[in-house]
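Peer 1: Please read through the structure below; I'll follow up with questions.
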Amino acid sequence: MGNYPRLFDIVHQKAKEAPSKIAYADKHRLDAGASWREHNYSDTVQKINSVSLGLLNKGIEKDDKIALISNNRSEWNFADFGIQQIGAVVVPIYPTLSTSEFKFIFGDAEIKLCFVENAELYGKVAPLIDQFPSLMAIFTFDEVDEAPNWNEILKTPSDEEEKRLAQIRGEIDTEDLATIIYTSGTTGTPKGVMLSHRNISSNIEAISQILPIIAGSKALSFLPLCHIFERTISYTYLANNVSIYYAKNLETIGDNLRELGPEYFSTVPRLLEKIYEKILEKGRSLTGIKRALFYWSLDLGRRFELNKNQGPIYNLQLALARKLIFSKWHEALGGNVVGIITGAAALQPKLAKIFGAAGVPIVEGYGLTETSPVLTSNRLEIVKRRIGTVGPPLPGVKIKIAEDGEILAKGPNIMMGYYKRQDLTDEVIDKDGWFHTGDIGEFVEGEFLKITDRKKELFKTSGGKYVAPQQVENKYKESPFIEQVLVIGNNRKFVSALIVPSVLYLEEYCKHKSWVFDNLEEMVRDERVREKIQREIDGINPEINHVEQIKKFTLLAREWTAGEGELTPTTKLKRRVIEEKFAGEIEGMYAV
């Protein structure tokens with residue numbers, strides 16, 4: 001892999017080793033069916049240097065903060081590395097944030113300059129120029145009427161300017177601040193996580209040691225680069241000679257997978273659930289022997305166990321299922337997938353089992369923005385994978401469980417601290433250097449970490465019994481009829497839940513029963529539908545501790561989304577927001 005003490009060292013080294021190899025490719029603004037817009041390493045380094053020179057000419061200095069607000073595209077990376085290599089600090093921001101959230105981050109970070117993707121984002125950010133004297137300019141990647149375009153500052157460096165850039169690059173230390181990433185703010189005001197080059201590069205080195213990434217492969221990227229999970233994985237791909245292709249958007253992922261045939265992609269469990277639902281939808285449309293074989297294969301998948309020989313009959317059946325049915329899953333994923341990397345939220349064990357049975361390994365890991373991000377990860381090798389866990393610690397990372405069950409971590413990937421908030425930094429990093437994750441966990445077999453819940457999300461019923469909501473919610477989501485669920489019960493006499501049903505399954509079920517409804521609202525209010533969901537809950541209850549079982553529930557007619565402020569950009573539930581929005585429904589479940 002090589003040694004890359006500063007993040008931008010990766011692209012410079014690759015440009016020397018293989019200048020014509022593809023670094024990035026995307027389909028931004030290209031019509032359907034058009035070929036990929038590719039950038040080799042030589043072109044990439046030229047673009048990066050042009051960005052750096054343009055910023056220097058604008059008066060940007062070391063430690064100045066520059067915002068980057070864009071969906072995934074090659075320009076994101078050109079700006080990222082171009083900012084880094086002059087010692088300025090990248091502040092990536094989710095394009096989906098509200099104007100008030102943009103305002104907070106711009107003020108807190110004292111943003112000097114900003115790159116945005118398009119006209120919509122320019123319209124959201126442009127008013128901030130009048131509010132923050134530190135903000136000098138906003139440049140767009142797309143051509144936008146009456147907006148400065150980033151091409152205006154790009155300039156091919158002369159030999160003299162190349163020498164100047166090289167000198168500036170050489171003065172940047174591995175311990176220097178590379179980026180400030182503002183947390184999604186599930187509780188309270190976002191905090192600016194400060195990560196150095198060394199924080200992230202140590203994670204790249206550790207991931208490269210545990211995942212046998214094949215040089216010359218391709219990766220499809222669609223998770224937001226402004227999140228540290230996809231960003232670090234992307235750096236790791238580059239460091240291991242993997243070309244990165246950006247999906248046009250979330251709706252084109254399936255087409256892009258089949259067209260590209262990548263060996264790798266990373267995802268969050270929510271998107272993996274969506275992929276699985278589409279597979280099930282196709283299976284349900286089958287008839288006769290094909291339909292029977294499909295469900296027979298699913299049953300084999302549900303019984304699949306890693307590292308366990310289930311006998312010659314099961315092995316023979318699984319081999320047949322892989323040839324007849326699961327091979328189609330491989331084709332749908334492009335035909336070449338070596339492994340799917342997932343993180344940011346808990347993965348349902350049933351998905352890991354079924355994809356594992358299909359011969360598509362899902363590598364689940366765990367970490368936080370504050371840890372650059374990966375702390376633990378399962379491996380591609382079956383003997384180093386345990387379903388239901390997030391794997392062993394990475395090389396160089398130490399994990400221990402505190403007396404109250406909290407997961408503590410120490411290593412070179414632990415953040416420098418929270419920007420301007422030493423008080424908050426001291427709350428999470430103790431005097432011995434241990435970072436307190438806020439997650440509760442335990443070790444399985446003394447090696448594999450299992451996350452049981454968030455420390456702050458544990459609640460106690462009025463009877464004094466503790467409930468770990470995430471664990472309970474994931475169990476109920478094993479029902480195909482339950483899309484999303486929020487468990488409630490803090491200081492209450494019993495556990496209740498808000499449930500978003502799977503529209504796909506529910507509509508098909510109602511159609512099968514010849515129940516006709518004008519809309520989804522009418523459907524979820526129907527007592528027969530409620531009884532069906534109750535039966536699903538009753539089927540799962542025996543697997544859950546009595547005190548944690550859902551006693552009452554309310555069905556909702558729409559999915560929770562990040563756009564409505566109910567999910568973080570990485571699809572975690574914003575519990576407080578959801579509970580406030582549906583306070584009436586919640587109180588109704590506890591009314592005498």
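Ordering of the structure tokens sets the chain letters (A, B, ...); residue numbers start at 1 within each chain; ligands are numbered from 1 in the order shown.
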Leaving out range 402-415 of chain A and any residue of its chain fewer than 5 positions from it, which residues lie within 6 Å of it when counting only C-alpha atoms, given as a list in words?
Peer 2: Met194, Leu195, Asn199, Glu370, Thr371, Ser372, Val397, Trp434, Phe435, His436, Thr437, Asp439, Ile440 and Gly441 of chain A
Peer 1: Mind dumping the selected residues with N, CA and C atoms as a PDB file, in the first residue's frame?
Peer 2:
```
ATOM      1  N   MET A 194     -12.321  17.612  15.086  1.00  0.00           N
ATOM      2  CA  MET A 194     -11.045  17.945  14.436  1.00  0.00           C
ATOM      3  C   MET A 194     -10.232  16.670  14.208  1.00  0.00           C
ATOM      4  N   LEU A 195      -9.919  16.393  12.947  1.00  0.00           N
ATOM      5  CA  LEU A 195      -9.123  15.224  12.595  1.00  0.00           C
ATOM      6  C   LEU A 195      -7.855  15.658  11.874  1.00  0.00           C
ATOM      7  N   ASN A 199      -4.561  11.109  12.061  1.00  0.00           N
ATOM      8  CA  ASN A 199      -5.769  10.416  12.522  1.00  0.00           C
ATOM      9  C   ASN A 199      -6.337   9.545  11.404  1.00  0.00           C
ATOM     10  N   GLU A 370     -15.498  10.784  15.519  1.00  0.00           N
ATOM     11  CA  GLU A 370     -14.381  11.128  16.413  1.00  0.00           C
ATOM     12  C   GLU A 370     -13.226  10.132  16.350  1.00  0.00           C
ATOM     13  N   THR A 371     -13.441   8.980  15.671  1.00  0.00           N
ATOM     14  CA  THR A 371     -12.390   7.949  15.619  1.00  0.00           C
ATOM     15  C   THR A 371     -11.918   7.691  14.186  1.00  0.00           C
ATOM     16  N   SER A 372     -12.242   8.562  13.289  1.00  0.00           N
ATOM     17  CA  SER A 372     -11.664   8.661  11.924  1.00  0.00           C
ATOM     18  C   SER A 372     -12.020   7.636  10.852  1.00  0.00           C
ATOM     19  N   VAL A 397      -5.470  -0.199  17.392  1.00  0.00           N
ATOM     20  CA  VAL A 397      -6.589   0.343  18.167  1.00  0.00           C
ATOM     21  C   VAL A 397      -6.841  -0.541  19.377  1.00  0.00           C
ATOM     22  N   TRP A 434      -8.321   7.641  26.995  1.00  0.00           N
ATOM     23  CA  TRP A 434      -9.388   6.777  26.498  1.00  0.00           C
ATOM     24  C   TRP A 434     -10.564   7.612  26.012  1.00  0.00           C
ATOM     25  N   PHE A 435     -11.013   7.326  24.800  1.00  0.00           N
ATOM     26  CA  PHE A 435     -12.181   8.004  24.247  1.00  0.00           C
ATOM     27  C   PHE A 435     -13.432   7.231  24.648  1.00  0.00           C
ATOM     28  N   HIS A 436     -14.396   7.933  25.229  1.00  0.00           N
ATOM     29  CA  HIS A 436     -15.644   7.323  25.671  1.00  0.00           C
ATOM     30  C   HIS A 436     -16.667   7.438  24.540  1.00  0.00           C
ATOM     31  N   THR A 437     -17.000   6.298  23.939  1.00  0.00           N
ATOM     32  CA  THR A 437     -17.807   6.301  22.721  1.00  0.00           C
ATOM     33  C   THR A 437     -19.270   6.649  22.943  1.00  0.00           C
ATOM     34  N   ASP A 439     -21.362   4.338  23.466  1.00  0.00           N
ATOM     35  CA  ASP A 439     -22.039   3.100  23.086  1.00  0.00           C
ATOM     36  C   ASP A 439     -21.823   2.035  24.157  1.00  0.00           C
ATOM     37  N   ILE A 440     -22.794   1.182  24.304  1.00  0.00           N
ATOM     38  CA  ILE A 440     -22.712   0.062  25.243  1.00  0.00           C
ATOM     39  C   ILE A 440     -22.413  -1.208  24.446  1.00  0.00           C
ATOM     40  N   GLY A 441     -21.501  -2.033  24.948  1.00  0.00           N
ATOM     41  CA  GLY A 441     -21.162  -3.234  24.198  1.00  0.00           C
ATOM     42  C   GLY A 441     -20.534  -4.316  25.047  1.00  0.00           C
TER      43      GLY A 441
END
```
Peer 1: Determine which residues of range 355-457 of chain A DSSP labels as strand (DSSP E or B) from the backbone of this structure, then write them out as a PDB file with C-alpha atoms, in the first residue's frame.
Peer 2:
```pdb
ATOM      1  CA  ILE A 362     -21.014  -8.263   4.222  1.00  0.00           C
ATOM      2  CA  VAL A 363     -18.213  -6.785   6.289  1.00  0.00           C
ATOM      3  CA  GLU A 364     -19.746  -4.890   9.204  1.00  0.00           C
ATOM      4  CA  GLY A 365     -17.602  -2.451  11.120  1.00  0.00           C
ATOM      5  CA  TYR A 366     -18.004   0.145  13.856  1.00  0.00           C
ATOM      6  CA  GLY A 367     -16.706   3.583  14.610  1.00  0.00           C
ATOM      7  CA  VAL A 374     -13.212   2.739  12.131  1.00  0.00           C
ATOM      8  CA  LEU A 375     -12.539   1.135  15.528  1.00  0.00           C
ATOM      9  CA  THR A 376     -13.464  -2.473  14.812  1.00  0.00           C
ATOM     10  CA  SER A 377     -14.337  -4.501  11.741  1.00  0.00           C
ATOM     11  CA  PRO A 393     -10.421  -4.086  16.889  1.00  0.00           C
ATOM     12  CA  LYS A 398      -7.308  -0.657  21.766  1.00  0.00           C
ATOM     13  CA  ILE A 399     -10.834  -1.331  22.973  1.00  0.00           C
ATOM     14  CA  LYS A 400     -11.998  -1.973  26.530  1.00  0.00           C
ATOM     15  CA  ILE A 401     -15.377  -2.145  28.234  1.00  0.00           C
ATOM     16  CA  GLU A 406     -19.491   1.689  27.828  1.00  0.00           C
ATOM     17  CA  ILE A 407     -17.031   1.029  25.001  1.00  0.00           C
ATOM     18  CA  LEU A 408     -13.739   2.922  25.413  1.00  0.00           C
ATOM     19  CA  ALA A 409     -11.142   3.304  22.667  1.00  0.00           C
ATOM     20  CA  LYS A 410      -7.542   4.422  22.336  1.00  0.00           C
ATOM     21  CA  GLY A 417     -10.757  17.250  19.953  1.00  0.00           C
ATOM     22  CA  TYR A 418     -13.891  19.292  19.372  1.00  0.00           C
ATOM     23  CA  ILE A 429     -11.425  11.831  26.368  1.00  0.00           C
ATOM     24  CA  PHE A 435     -12.181   8.004  24.247  1.00  0.00           C
ATOM     25  CA  HIS A 436     -15.644   7.323  25.671  1.00  0.00           C
ATOM     26  CA  THR A 437     -17.807   6.301  22.721  1.00  0.00           C
ATOM     27  CA  GLY A 438     -21.218   6.591  24.380  1.00  0.00           C
ATOM     28  CA  ASP A 439     -22.039   3.100  23.086  1.00  0.00           C
ATOM     29  CA  ILE A 440     -22.712   0.062  25.243  1.00  0.00           C
ATOM     30  CA  GLY A 441     -21.162  -3.234  24.198  1.00  0.00           C
ATOM     31  CA  GLU A 442     -19.578  -6.541  25.046  1.00  0.00           C
ATOM     32  CA  PHE A 443     -17.031  -8.939  23.575  1.00  0.00           C
ATOM     33  CA  VAL A 444     -18.194 -12.205  22.026  1.00  0.00           C
ATOM     34  CA  PHE A 448     -15.626  -9.789  18.503  1.00  0.00           C
ATOM     35  CA  LEU A 449     -17.260  -6.588  19.701  1.00  0.00           C
ATOM     36  CA  LYS A 450     -21.046  -6.507  19.901  1.00  0.00           C
ATOM     37  CA  ILE A 451     -22.882  -3.197  20.222  1.00  0.00           C
ATOM     38  CA  THR A 452     -25.958  -3.426  22.394  1.00  0.00           C
ATOM     39  CA  ASP A 453     -27.101   0.222  22.460  1.00  0.00           C
ATOM     40  CA  ARG A 454     -26.292   3.894  22.877  1.00  0.00           C
TER      41      ARG A 454
END
```
Peer 1: Which value, in Å to one decimal, gives the distance between CA of Gly192 in chain A and CA of Glu175 in chain A?
Peer 2: 17.4 Å
Peer 1: Using Å and a single decimal, report how far CA of Ala497 in chain A sits from CA of Lys551 in chain A.
Peer 2: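 CA of Ala497 in chain A lies 8.2 Å from CA of Lys551 in chain A.
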Peer 1: For range 127-133 of chain A, work out the shell of residues within 9 Å, counting only C-alpha atoms and skipping chain neighbours fewer than 6 positions away, then give it as a list of chain:residue names.
Peer 2: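 With the cut-off at 9 Å, the set is A:Phe102, A:Lys103, A:Phe106, A:Gly107, A:Glu110, A:Ile111, A:Lys112.
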Peer 1: Put those residues in a file: C-alpha atoms, as a short mmCIF file (atom, residue, chain, number, x, y, z; two decimals), in the first residue's frame.
Peer 2:
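As written to disk, again29.cif reads:
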```
data_model
loop_
_atom_site.label_atom_id
_atom_site.label_comp_id
_atom_site.auth_asym_id
_atom_site.auth_seq_id
_atom_site.Cartn_x
_atom_site.Cartn_y
_atom_site.Cartn_z
CA PHE A 102 -25.43 26.08 7.45
CA LYS A 103 -25.45 29.37 9.35
CA PHE A 106 -20.25 28.92 8.90
CA GLY A 107 -20.21 31.05 12.04
CA GLU A 110 -15.37 31.08 10.53
CA ILE A 111 -15.50 29.85 6.95
CA LYS A 112 -13.27 31.90 4.61
#
```
Peer 1: One decimal, in Å: what's the spacing between CA of Arg169 in chain A and CA of Ile86 in chain A?
Peer 2: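 The value is 6.1 Å.
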Peer 1: Determine, counting only C-alpha atoms, which protein, DNA and RNA residues have an atom within 8 Å of an atom of Glu566 in chain A; residues of the same chain fewer than 5 positions away are not included. Present the result as a list in words.
Peer 2: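 Neighbouring residues, sequence-local ones excluded: Trp560, Thr561, Leu573, Lys574, Arg575, Val577 and Ile578 of chain A.
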Peer 1: Got time to write the residues from that selection, C-alpha atoms, as a PDB file, in the first residue's frame?
Peer 2:
```pdb
ATOM      1  CA  TRP A 560     -39.216   8.889   8.468  1.00  0.00           C
ATOM      2  CA  THR A 561     -36.624  10.730   6.392  1.00  0.00           C
ATOM      3  CA  LEU A 573     -33.274   7.808  14.166  1.00  0.00           C
ATOM      4  CA  LYS A 574     -33.456  11.262  15.729  1.00  0.00           C
ATOM      5  CA  ARG A 575     -35.448  10.028  18.690  1.00  0.00           C
ATOM      6  CA  VAL A 577     -37.417  14.861  17.022  1.00  0.00           C
ATOM      7  CA  ILE A 578     -39.687  11.899  16.253  1.00  0.00           C
TER       8      ILE A 578
END
```
Peer 1: What's the 10 Å shell around range 500-508 of chain A, counting only C-alpha atoms, without same-chain residues fewer than 2 positions away, as a count of residues only?
Peer 2: 37
Peer 1: Which parts of range 264-508 of chain A does DSSP call alpha helix (DSSP H) when run on the backbone here, written out as a PyMOL selection string?
Peer 2: chain A and resi 269-284+288-302+312-321+327-332+349-357+422-428+469-476+503-508
Peer 1: Based on the selection just made, write C-alpha atoms of those residues as a short mmCIF file (atom, residue, chain, number, x, y, z; two decimals), in the first residue's frame.
Peer 2:
```cif
data_model
loop_
_atom_site.label_atom_id
_atom_site.label_comp_id
_atom_site.auth_asym_id
_atom_site.auth_seq_id
_atom_site.Cartn_x
_atom_site.Cartn_y
_atom_site.Cartn_z
CA PRO A 269 -27.81 -0.95 6.54
CA ARG A 270 -30.85 1.10 5.47
CA LEU A 271 -29.77 1.03 1.82
CA LEU A 272 -28.88 -2.65 2.08
CA GLU A 273 -32.40 -3.27 3.37
CA LYS A 274 -33.74 -1.44 0.30
CA ILE A 275 -31.62 -3.63 -2.02
CA TYR A 276 -32.96 -6.73 -0.27
CA GLU A 277 -36.55 -5.48 -0.55
CA LYS A 278 -36.12 -5.07 -4.32
CA ILE A 279 -34.80 -8.63 -4.54
CA LEU A 280 -37.85 -9.85 -2.62
CA GLU A 281 -40.15 -7.83 -4.85
CA LYS A 282 -38.73 -9.59 -7.92
CA GLY A 283 -39.02 -12.96 -6.16
CA ARG A 284 -42.69 -12.39 -5.39
CA GLY A 288 -44.53 -21.82 -10.41
CA ILE A 289 -41.26 -23.66 -9.86
CA LYS A 290 -39.19 -20.46 -10.08
CA ARG A 291 -41.12 -18.91 -7.19
CA ALA A 292 -40.83 -22.12 -5.15
CA LEU A 293 -37.06 -22.26 -5.72
CA PHE A 294 -36.72 -18.60 -4.73
CA TYR A 295 -38.41 -19.09 -1.35
CA TRP A 296 -36.63 -22.40 -0.80
CA SER A 297 -33.32 -20.54 -1.26
CA LEU A 298 -34.40 -17.80 1.15
CA ASP A 299 -35.19 -20.43 3.77
CA LEU A 300 -31.70 -21.90 3.33
CA GLY A 301 -30.29 -18.40 3.72
CA ARG A 302 -32.12 -17.78 6.98
CA PRO A 312 -23.67 -32.67 3.55
CA ILE A 313 -27.38 -32.33 2.74
CA TYR A 314 -27.52 -28.61 3.67
CA ASN A 315 -24.19 -27.95 1.91
CA LEU A 316 -25.45 -29.62 -1.27
CA GLN A 317 -28.73 -27.67 -1.13
CA LEU A 318 -26.86 -24.39 -0.58
CA ALA A 319 -24.54 -25.08 -3.53
CA LEU A 320 -27.61 -25.73 -5.71
CA ALA A 321 -29.34 -22.55 -4.43
CA SER A 327 -26.14 -16.31 -8.86
CA LYS A 328 -28.83 -13.87 -10.06
CA TRP A 329 -28.16 -11.75 -6.98
CA HIS A 330 -24.50 -11.56 -8.00
CA GLU A 331 -25.54 -10.46 -11.48
CA ALA A 332 -27.76 -7.74 -10.02
CA PRO A 349 -28.31 -10.25 11.36
CA LYS A 350 -30.82 -11.82 8.94
CA LEU A 351 -29.36 -9.74 6.10
CA ALA A 352 -25.80 -10.80 6.95
CA LYS A 353 -26.98 -14.42 6.97
CA ILE A 354 -28.88 -14.33 3.69
CA PHE A 355 -26.20 -12.42 1.77
CA GLY A 356 -23.57 -14.68 3.33
CA ALA A 357 -25.50 -17.72 2.11
CA GLN A 422 -12.21 21.90 25.16
CA ASP A 423 -14.93 21.38 27.78
CA LEU A 424 -16.73 18.85 25.57
CA THR A 425 -13.43 17.24 24.58
CA ASP A 426 -12.58 16.68 28.25
CA GLU A 427 -15.97 15.00 28.73
CA VAL A 428 -15.22 12.27 26.17
CA PRO A 469 -34.15 0.32 22.33
CA GLN A 470 -31.82 -0.24 19.35
CA GLN A 471 -31.54 -3.95 20.06
CA VAL A 472 -35.30 -4.29 20.45
CA GLU A 473 -36.03 -2.25 17.32
CA ASN A 474 -33.67 -4.32 15.18
CA LYS A 475 -35.39 -7.49 16.36
CA TYR A 476 -38.86 -6.26 15.39
CA VAL A 503 -45.74 -0.38 2.10
CA LEU A 504 -44.49 -3.00 -0.34
CA TYR A 505 -45.46 -5.96 1.82
CA LEU A 506 -48.61 -4.42 3.25
CA GLU A 507 -50.08 -3.48 -0.13
CA GLU A 508 -49.42 -6.96 -1.50
#
```
Peer 1: Name the residues in contact with Ser234 in chain A at a cut-off of 10 Å, using only C-alpha atoms, excluding same-chain residues fewer than 5 positions from it; report them as a ChimeraX atom specification.
Peer 2: /A:77,204,219-221,225,228-229,239-240,242-244,265-266
Peer 1: Please identify all polymer residues within 7 Å of range 142-155 of chain A, counting only C-alpha atoms, omitting same-chain residues fewer than 2 positions from it, and present them as a list in words.
Peer 2: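 Here the answer would be Ser50, Val51, Leu53, Gly54, Glu117, Asn118, Ala119, Ile138, Phe139, Thr140 and Pro157 of chain A.
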Peer 1: Using only C-alpha atoms, can you tell me which of A:Ser98, A:Asn490, A:Ser158, A:Gln13 comes closest to Asn49 in chain A?
Peer 2: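 Between A:Ser98, A:Asn490, A:Ser158, A:Gln13, the residue approaching Asn49 in chain A most closely is A:Ser158.
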